[in-house]
Amino acid sequence: MDPTHQGPGEYGRTPGGPDGSGGTDSSDPSDGRRRPSRESNAADFGQPTPQQVRVVQVTVGDLLLTVNPVDGSEVEACPPGYEPETPVRRTPAERAAHERAGAPPVPAGPPAPQLPLLERQEERERLVSLLARGRSVRLTGQAGSGRTALLDAVAADCTDLAPDGVVRLSGHRRTAADLLYGLFDATHLAPLHRPGPEELLTLVRSIGAVVIVDDLEIGGAALDGLLEATPECAFLFGTTPDLTPPGVDAHLEEVLLAGLGRAASLELLAKVVERPLTEDERNWAGDLWFESEGLPLRFVQAGSLLRQRDLLNTDPAAFDEYDYFEPRPDDAPPVPEAPTPETLDVPLPSLGEGAAPAVLLASRLSEAARETLRFTVALGGEVPHQAHLPALVGDTHADAALGELAGCGLLSPAGPRYRLAAGVLAQLEAGGYAEEAAAHARTAAQHYAWWVSHPSVTPQRAVAESDAIVAAMGRLVPDGEAGQASAAVLLARSAAPALAAGMSWGAWEKALRAGQEAARIAGEVAEEAYFHHELGVLALCSGNLDRARTELETSISMRGALADRSGAVAGRRALALVADRSGGFAPPVRPQPADEVPAVRHDLLAGTPPLGLPVAPLFTRQTAMAEPTVVAPFPAAAPKAGGGRAILGGARRNLAAAGAGALLIAVLGTVVTLGLTAGDPEEPGGSRNVTTEQSSPESTPDDETPADEPDDGPAPDSGAPGEEAPATPGPSASATPSTSGSPSPSPSSPDGSSPGTGEPSATRPTEDPTSDGPSPSGKPTTPTTPPTTPPTTPPTTPPTETPTTPPTETPTEEPPPPPDTSSSASGPAESATATATATATTEAPAESEDPTEAAA
């Protein structure tokens, strides 16, 4: 496990080689010594050594997951050519090699004595018989009752019962999904491929094996789902009595495991001590048997106490503060003389010390073993691998401490590692071994952060230490101090990519959640955004789209605030895939104010910009103090006989409004041209323009304007480019010019008189502003003196103040009869133009008089 000593076959290549795993390493396989590489020589000349980034691609169902430790993992639909190969079954030799790799390491030091399995023959035969018939069994016993030893014996008897052999799994801190993927990995060979949920159920349904799960921690519905997913497997679960039992439909047999009898307990104690017991020791063991209810673990630990007593009677300085590897200084107290038969007076342990012997056992071990126990207590009972102990403890011989602890019965195997035996953690905490737990956890976190980031450490080795890594973060996060939280963030940031590449997603999720909480406490926003992104990717690969959307949106918003462009782009790609998987569109990432209506989806309308282009909202919600914002007012439809309005939606309404506006501009241009060519040169040109300020008073009808309003002087040429066109009469006014009013003079009359009558324009009769003048068609006429100021926009209705109700008068649908042509030479042309204007005004949709109606 030492990253500085690489094996020739396992870690002989580093990323970047032609075989897909990397190029040839600088270490020599012949002698194991590292040779200087170009990177190390470059560092001598002041050039920084480029850090190797471990990027691993894993196929997850039909997705391709790229584990990127820098900006965050990326996930996409599996492109052509990246489809994984079909998983194949492991051969018996491959299954045996896989089982040996998953076994806990053999402790350093002299081998421990092999203890027999006493008074378990009946349970052993019954379990083998039930498994041979394909029945699943639940072995229930207290912690320390010898379940693991019995499971090992049953596994040895069932090697030839099933076609896929025997599969050993650890249920310690494992979920049902973790057990299913562990079963798949033990029986199938699929490198860098994690099947999806449906594919996994299909593959495990055909597995026929005897599955032995020790330290099971799931029950109830989760256990029922595990049994239902594997109908061809026979399970043997080792559990405690307090675990929730499965349902009645699980068809799970249960075998209770009790303690040993008095005779078997004394025999086991004699096997541990490796000598016959004295009468005092037998009496003491009898009292211990009554107190412990015959638990085998208590007698293994009691035997260790008796062995230490024998060593003290032989060498009183055997367990002093100076062990055999540490030289005694000159000022140390002298070594006591060898004991004589008269001085052999070391008493037996008390009954309390025999029932809880952890503190007394630890006090007689080496200092490296006691320091290892302090780290173990800080990690919640998880023992670091023996290769990490020299770096953690600071002693080159600390790897032998694991053998000392295992020989005393303080440890028990848990999958590929060791952990404290049942009850030992509470005893050590009460004995003062947890006083500096936070400092030891921080030291372990810093060590694991360096170790897991080393290029020589493979993801599989990181997965083997996942329990200790997660335990270190779990101790630091609740502490609440910024320094402790920063150490947890560094460890989670370093270990999460390795756990993801090793496909231990249960540990990956725990590391991400612990890192996210630690980053929040430490105030590291960039790291918190990274953990949110990774949680979103994990949820997406697991099929939880709602959780993935929430986590990714949070990460994108945080990275946007930090101006992290590359990270935000990776988040948007994953969010787009979430939207594609959920069958909808990706929601906008930009948060909107509370009083703003969500933007209209232009990509759903015909003839609009494609998806991905920025689209401004068409309207916003109207507030009490501000007027509504209208980007493009929609012209209202022409009133119909029934009082309704023609409603057009989307692009059709915009097209109709544009066509009506173009037609109206063309008609108005024709009217202006005819009016200018037939105008009176002495009459001010600006009198034809209407301003929005000259609206009729409330006492005056909307279709009347005083005729004696003074002129403001000549206006600029209305035919100039960019000049606004004159307004047309409203729907309540007649479109036919009146002969009794003030007709436009003909261009052939320079003096301003009409060619037909010869009457000058100065002697024109004026109308009463309060009454409508007669017209040849019998309809009221409009005033002929327009305002002077040109309007900013061509209005379509005479009033400028927005009325609260639409006008009740409707224009006459029948065109007026043509006027008498004998009264004016320009009469027929003006009559035809006015008729076309009235028709266009009737057909074109009028401008909406209410902003809320236009927005609707």
# chains A, B, ... in the order shown; residues from 1 in each chain; ligands from 1
$ residues_around --residues "region 466-482 of chain A" --least-positions-apart "4" --cutoff "7 Å" --atoms "only C-alpha atoms" --output "number ranges by chain"
A: 379-380, 382, 384, 438, 441-442, 444-445, 448, 462, 486, 488, 507, 510-511, 514, 518, 521-522
$ closest_atom_pairs --of "region 414-486 of chain A" --to "region 358-366 of chain A" --cutoff "10 Å" --atoms "only C-alpha atoms" --output "JSON lines"
{"residue": "A:Ala421", "atom": "CA", "partner": "A:Ala358", "partner_atom": "CA", "distance": 9.8}
{"residue": "A:Gly423", "atom": "CA", "partner": "A:Ala358", "partner_atom": "CA", "distance": 8.7}
{"residue": "A:Val424", "atom": "CA", "partner": "A:Ala358", "partner_atom": "CA", "distance": 5.9}
{"residue": "A:Leu425", "atom": "CA", "partner": "A:Ala358", "partner_atom": "CA", "distance": 8.6}
{"residue": "A:Ala426", "atom": "CA", "partner": "A:Ala358", "partner_atom": "CA", "distance": 9.3}
{"residue": "A:Gln427", "atom": "CA", "partner": "A:Ala358", "partner_atom": "CA", "distance": 6.2}
{"residue": "A:Leu428", "atom": "CA", "partner": "A:Val359", "partner_atom": "CA", "distance": 6.0}
{"residue": "A:Glu429", "atom": "CA", "partner": "A:Val359", "partner_atom": "CA", "distance": 9.3}
{"residue": "A:Ala430", "atom": "CA", "partner": "A:Val359", "partner_atom": "CA", "distance": 8.7}
{"residue": "A:Gly431", "atom": "CA", "partner": "A:Val359", "partner_atom": "CA", "distance": 6.1}
{"residue": "A:Gly432", "atom": "CA", "partner": "A:Val359", "partner_atom": "CA", "distance": 9.1}
{"residue": "A:Tyr433", "atom": "CA", "partner": "A:Val359", "partner_atom": "CA", "distance": 9.0}
$ residues_around --residues "region 260-270 of chain A" --least-positions-apart "6" --cutoff "9 Å" --atoms "only C-alpha atoms" --output "ChimeraX atom specification"
/A:115-116,118-120,145,276-277,282,285-286,289-290,293-296,299-303
$ write_last_selection --atoms "C-alpha atoms" --output "PDB file, in the first residue's frame"
ATOM      1  CA  LEU A 115      -9.232 -21.680  17.365  1.00  0.00           C
ATOM      2  CA  PRO A 116     -11.683 -24.562  16.935  1.00  0.00           C
ATOM      3  CA  LEU A 118     -16.960 -25.536  19.473  1.00  0.00           C
ATOM      4  CA  GLU A 119     -20.623 -26.527  19.977  1.00  0.00           C
ATOM      5  CA  ARG A 120     -21.621 -25.319  16.475  1.00  0.00           C
ATOM      6  CA  SER A 145     -21.334 -14.780  19.505  1.00  0.00           C
ATOM      7  CA  PRO A 276      -4.035 -26.008  31.004  1.00  0.00           C
ATOM      8  CA  LEU A 277      -5.939 -23.731  33.369  1.00  0.00           C
ATOM      9  CA  ARG A 282     -11.155 -22.075  36.143  1.00  0.00           C
ATOM     10  CA  ALA A 285     -13.589 -18.284  34.011  1.00  0.00           C
ATOM     11  CA  GLY A 286     -16.787 -19.737  35.474  1.00  0.00           C
ATOM     12  CA  TRP A 289     -19.114 -17.331  31.717  1.00  0.00           C
ATOM     13  CA  PHE A 290     -22.091 -16.510  33.920  1.00  0.00           C
ATOM     14  CA  GLU A 293     -23.683 -15.541  28.800  1.00  0.00           C
ATOM     15  CA  GLY A 294     -21.042 -17.640  27.086  1.00  0.00           C
ATOM     16  CA  LEU A 295     -20.035 -15.220  24.306  1.00  0.00           C
ATOM     17  CA  PRO A 296     -16.882 -16.606  22.622  1.00  0.00           C
ATOM     18  CA  PHE A 299     -13.141 -15.744  26.384  1.00  0.00           C
ATOM     19  CA  VAL A 300     -10.783 -14.901  23.543  1.00  0.00           C
ATOM     20  CA  GLN A 301     -10.072 -11.550  25.200  1.00  0.00           C
ATOM     21  CA  ALA A 302      -9.852 -13.180  28.651  1.00  0.00           C
ATOM     22  CA  GLY A 303      -7.302 -15.629  27.279  1.00  0.00           C
TER      23      GLY A 303
END
$ residues_around --residues "Gly171 (chain A)" --least-positions-apart "6" --cutoff "8 Å" --atoms "only C-alpha atoms" --output "list in words"
Leu179, Val213, Asp214, Asp215, Leu216 and Glu217 of chain A
$ atom_distance --atom1 "CA of Gly407 (chain A)" --atom2 "CA of Leu373 (chain A)"
14.0 Å
$ closest_residue --among "A:Met558, A:Leu351, A:Val383, A:Asn313" --to "Ser292 (chain A)" --atoms "only C-alpha atoms"
A:Leu351
$ select_by_dssp --residues "region 121-283 of chain A" --states "strand (DSSP E)" --output "PyMOL selection string"
chain A and resi 136-141+166-170+188-189+193-194+210-214+234-239+252-257
$ write_last_selection --atoms "N, CA, C and O atoms" --output "CSV table (one decimal), in the first residue's frame"
chain,number,residue,atom,x,y,z
A,136,SER,N,-33.1,-19.5,1.7
A,136,SER,CA,-32.3,-18.4,2.3
A,136,SER,C,-32.5,-18.5,3.8
A,136,SER,O,-33.6,-18.7,4.3
A,137,VAL,N,-31.4,-18.2,4.5
A,137,VAL,CA,-31.4,-18.3,6.0
A,137,VAL,C,-30.9,-17.0,6.6
A,137,VAL,O,-30.0,-16.3,6.0
A,138,ARG,N,-31.5,-16.7,7.8
A,138,ARG,CA,-31.1,-15.6,8.5
A,138,ARG,C,-30.5,-16.1,9.9
A,138,ARG,O,-31.2,-16.6,10.7
A,139,LEU,N,-29.1,-15.9,10.0
A,139,LEU,CA,-28.5,-16.4,11.2
A,139,LEU,C,-28.4,-15.2,12.2
A,139,LEU,O,-27.7,-14.2,11.9
A,140,THR,N,-29.1,-15.3,13.3
A,140,THR,CA,-29.3,-14.2,14.2
A,140,THR,C,-28.5,-14.6,15.5
A,140,THR,O,-28.7,-15.6,16.1
A,141,GLY,N,-27.6,-13.7,15.9
A,141,GLY,CA,-26.9,-13.8,17.2
A,141,GLY,C,-26.3,-12.5,17.6
A,141,GLY,O,-26.2,-11.5,16.8
A,166,VAL,N,-19.6,-19.8,-4.3
A,166,VAL,CA,-19.9,-19.1,-3.0
A,166,VAL,C,-19.4,-17.7,-3.2
A,166,VAL,O,-18.2,-17.5,-3.6
A,167,VAL,N,-20.2,-16.7,-2.9
A,167,VAL,CA,-19.9,-15.3,-2.9
A,167,VAL,C,-19.9,-14.7,-1.5
A,167,VAL,O,-21.0,-14.8,-0.8
A,168,ARG,N,-18.8,-14.2,-1.0
A,168,ARG,CA,-18.7,-13.6,0.3
A,168,ARG,C,-18.9,-12.1,0.2
A,168,ARG,O,-18.1,-11.4,-0.6
A,169,LEU,N,-19.8,-11.5,0.9
A,169,LEU,CA,-20.0,-10.0,0.8
A,169,LEU,C,-20.1,-9.5,2.3
A,169,LEU,O,-20.4,-10.3,3.2
A,170,SER,N,-19.7,-8.3,2.4
A,170,SER,CA,-19.8,-7.6,3.7
A,170,SER,C,-21.0,-6.6,3.7
A,170,SER,O,-21.1,-5.8,2.8
A,188,HIS,N,-19.3,-11.5,-12.5
A,188,HIS,CA,-19.2,-11.1,-13.9
A,188,HIS,C,-17.9,-10.2,-14.0
A,188,HIS,O,-17.5,-9.5,-13.1
A,189,LEU,N,-17.4,-10.3,-15.2
A,189,LEU,CA,-16.2,-9.5,-15.5
A,189,LEU,C,-16.6,-8.4,-16.5
A,189,LEU,O,-17.0,-8.7,-17.7
A,193,HIS,N,-17.5,-0.7,-16.4
A,193,HIS,CA,-18.9,-0.7,-16.8
A,193,HIS,C,-19.8,-1.0,-15.6
A,193,HIS,O,-19.6,-1.9,-14.9
A,194,ARG,N,-20.7,-0.1,-15.4
A,194,ARG,CA,-21.7,-0.2,-14.4
A,194,ARG,C,-23.1,-0.3,-15.0
A,194,ARG,O,-23.5,0.7,-15.6
A,210,VAL,N,-24.4,-19.3,-3.8
A,210,VAL,CA,-24.6,-19.2,-2.4
A,210,VAL,C,-24.0,-17.9,-1.9
A,210,VAL,O,-22.7,-17.8,-2.0
A,211,VAL,N,-24.8,-17.0,-1.5
A,211,VAL,CA,-24.3,-15.6,-1.1
A,211,VAL,C,-24.3,-15.6,0.4
A,211,VAL,O,-25.4,-15.7,1.0
A,212,ILE,N,-23.2,-15.3,1.0
A,212,ILE,CA,-23.0,-15.2,2.4
A,212,ILE,C,-22.7,-13.7,2.7
A,212,ILE,O,-21.7,-13.2,2.3
A,213,VAL,N,-23.6,-13.1,3.5
A,213,VAL,CA,-23.5,-11.7,3.8
A,213,VAL,C,-23.3,-11.6,5.3
A,213,VAL,O,-24.2,-12.0,6.1
A,214,ASP,N,-22.2,-11.1,5.8
A,214,ASP,CA,-21.9,-10.9,7.2
A,214,ASP,C,-22.2,-9.5,7.6
A,214,ASP,O,-22.0,-8.5,6.8
A,234,ALA,N,-29.2,-18.4,-3.1
A,234,ALA,CA,-29.5,-18.8,-1.7
A,234,ALA,C,-28.7,-18.0,-0.8
A,234,ALA,O,-27.4,-18.0,-0.8
A,235,PHE,N,-29.3,-17.2,0.1
A,235,PHE,CA,-28.6,-16.2,0.9
A,235,PHE,C,-28.4,-16.8,2.3
A,235,PHE,O,-29.3,-17.5,2.9
A,236,LEU,N,-27.3,-16.4,3.0
A,236,LEU,CA,-27.1,-16.7,4.4
A,236,LEU,C,-26.6,-15.4,5.0
A,236,LEU,O,-25.5,-14.9,4.8
A,237,PHE,N,-27.5,-14.8,5.8
A,237,PHE,CA,-27.3,-13.5,6.4
A,237,PHE,C,-26.9,-13.6,7.8
A,237,PHE,O,-27.5,-14.4,8.6
A,238,GLY,N,-25.8,-12.9,8.2
A,238,GLY,CA,-25.4,-12.8,9.6
A,238,GLY,C,-25.9,-11.5,10.2
A,238,GLY,O,-25.3,-10.5,9.8
A,239,THR,N,-26.8,-11.5,11.1
A,239,THR,CA,-27.4,-10.3,11.6
A,239,THR,C,-27.5,-10.3,13.2
A,239,THR,O,-27.2,-11.4,13.8
A,252,LEU,N,-37.9,-16.6,4.4
A,252,LEU,CA,-36.6,-16.6,4.9
A,252,LEU,C,-36.6,-17.4,6.3
A,252,LEU,O,-37.3,-17.1,7.2
A,253,GLU,N,-35.8,-18.5,6.3
A,253,GLU,CA,-35.6,-19.2,7.5
A,253,GLU,C,-34.7,-18.5,8.5
A,253,GLU,O,-33.9,-17.6,8.1
A,254,GLU,N,-34.9,-18.8,9.8
A,254,GLU,CA,-34.1,-18.1,10.8
A,254,GLU,C,-33.6,-19.1,11.8
A,254,GLU,O,-34.3,-20.0,12.3
A,255,VAL,N,-32.3,-19.0,12.0
A,255,VAL,CA,-31.5,-19.8,12.9
A,255,VAL,C,-30.9,-18.9,14.0
A,255,VAL,O,-30.2,-18.0,13.7
A,256,LEU,N,-31.2,-19.2,15.3
A,256,LEU,CA,-30.7,-18.5,16.4
A,256,LEU,C,-29.4,-19.1,16.8
A,256,LEU,O,-29.2,-20.3,16.9
A,257,LEU,N,-28.4,-18.2,17.2
A,257,LEU,CA,-27.1,-18.6,17.6
A,257,LEU,C,-26.9,-18.1,19.1
A,257,LEU,O,-26.9,-16.9,19.4
$ closest_residue --among "A:Glu291, A:Ala501, A:Ala96, A:His532" --to "Arg513 (chain A)" --atoms "only C-alpha atoms"
A:His532
$ residues_around --residues "Leu65 (chain A)" --least-positions-apart "2" --cutoff "10 Å" --atoms "only C-alpha atoms" --output "ChimeraX atom specification"
/A:56-63,67-68,73-78,193,500-501,537-538,541
$ residues_around --residues "region 561-574 of chain A" --least-positions-apart "5" --cutoff "6 Å" --atoms "only C-alpha atoms" --output "VMD selection string"
chain A and resid 71 552 556
$ write_last_selection --atoms "all heavy atoms" --output "PDB file, in the first residue's frame"
ATOM      1  N   ASP A  71     -12.859  20.092 -13.197  1.00  0.00           N
ATOM      2  CA  ASP A  71     -14.082  20.878 -13.329  1.00  0.00           C
ATOM      3  C   ASP A  71     -15.328  20.125 -12.916  1.00  0.00           C
ATOM      4  O   ASP A  71     -16.399  20.717 -12.838  1.00  0.00           O
ATOM      5  CB  ASP A  71     -14.250  21.355 -14.786  1.00  0.00           C
ATOM      6  CG  ASP A  71     -13.109  22.250 -15.229  1.00  0.00           C
ATOM      7  OD1 ASP A  71     -12.618  22.997 -14.370  1.00  0.00           O
ATOM      8  OD2 ASP A  71     -12.709  22.182 -16.388  1.00  0.00           O
ATOM      9  N   LEU A 552     -27.871  20.327  -9.933  1.00  0.00           N
ATOM     10  CA  LEU A 552     -27.174  20.987 -11.037  1.00  0.00           C
ATOM     11  C   LEU A 552     -27.526  22.464 -11.121  1.00  0.00           C
ATOM     12  O   LEU A 552     -26.655  23.304 -11.394  1.00  0.00           O
ATOM     13  CB  LEU A 552     -27.509  20.277 -12.352  1.00  0.00           C
ATOM     14  CG  LEU A 552     -26.917  18.876 -12.518  1.00  0.00           C
ATOM     15  CD1 LEU A 552     -27.454  18.216 -13.779  1.00  0.00           C
ATOM     16  CD2 LEU A 552     -25.395  18.927 -12.566  1.00  0.00           C
ATOM     17  N   ILE A 556     -24.795  25.440 -10.923  1.00  0.00           N
ATOM     18  CA  ILE A 556     -24.634  26.414 -12.009  1.00  0.00           C
ATOM     19  C   ILE A 556     -24.772  27.838 -11.480  1.00  0.00           C
ATOM     20  O   ILE A 556     -24.015  28.741 -11.859  1.00  0.00           O
ATOM     21  CB  ILE A 556     -25.656  26.128 -13.122  1.00  0.00           C
ATOM     22  CG1 ILE A 556     -25.323  24.806 -13.821  1.00  0.00           C
ATOM     23  CG2 ILE A 556     -25.689  27.251 -14.144  1.00  0.00           C
ATOM     24  CD1 ILE A 556     -26.382  24.341 -14.786  1.00  0.00           C
TER      25      ILE A 556
END
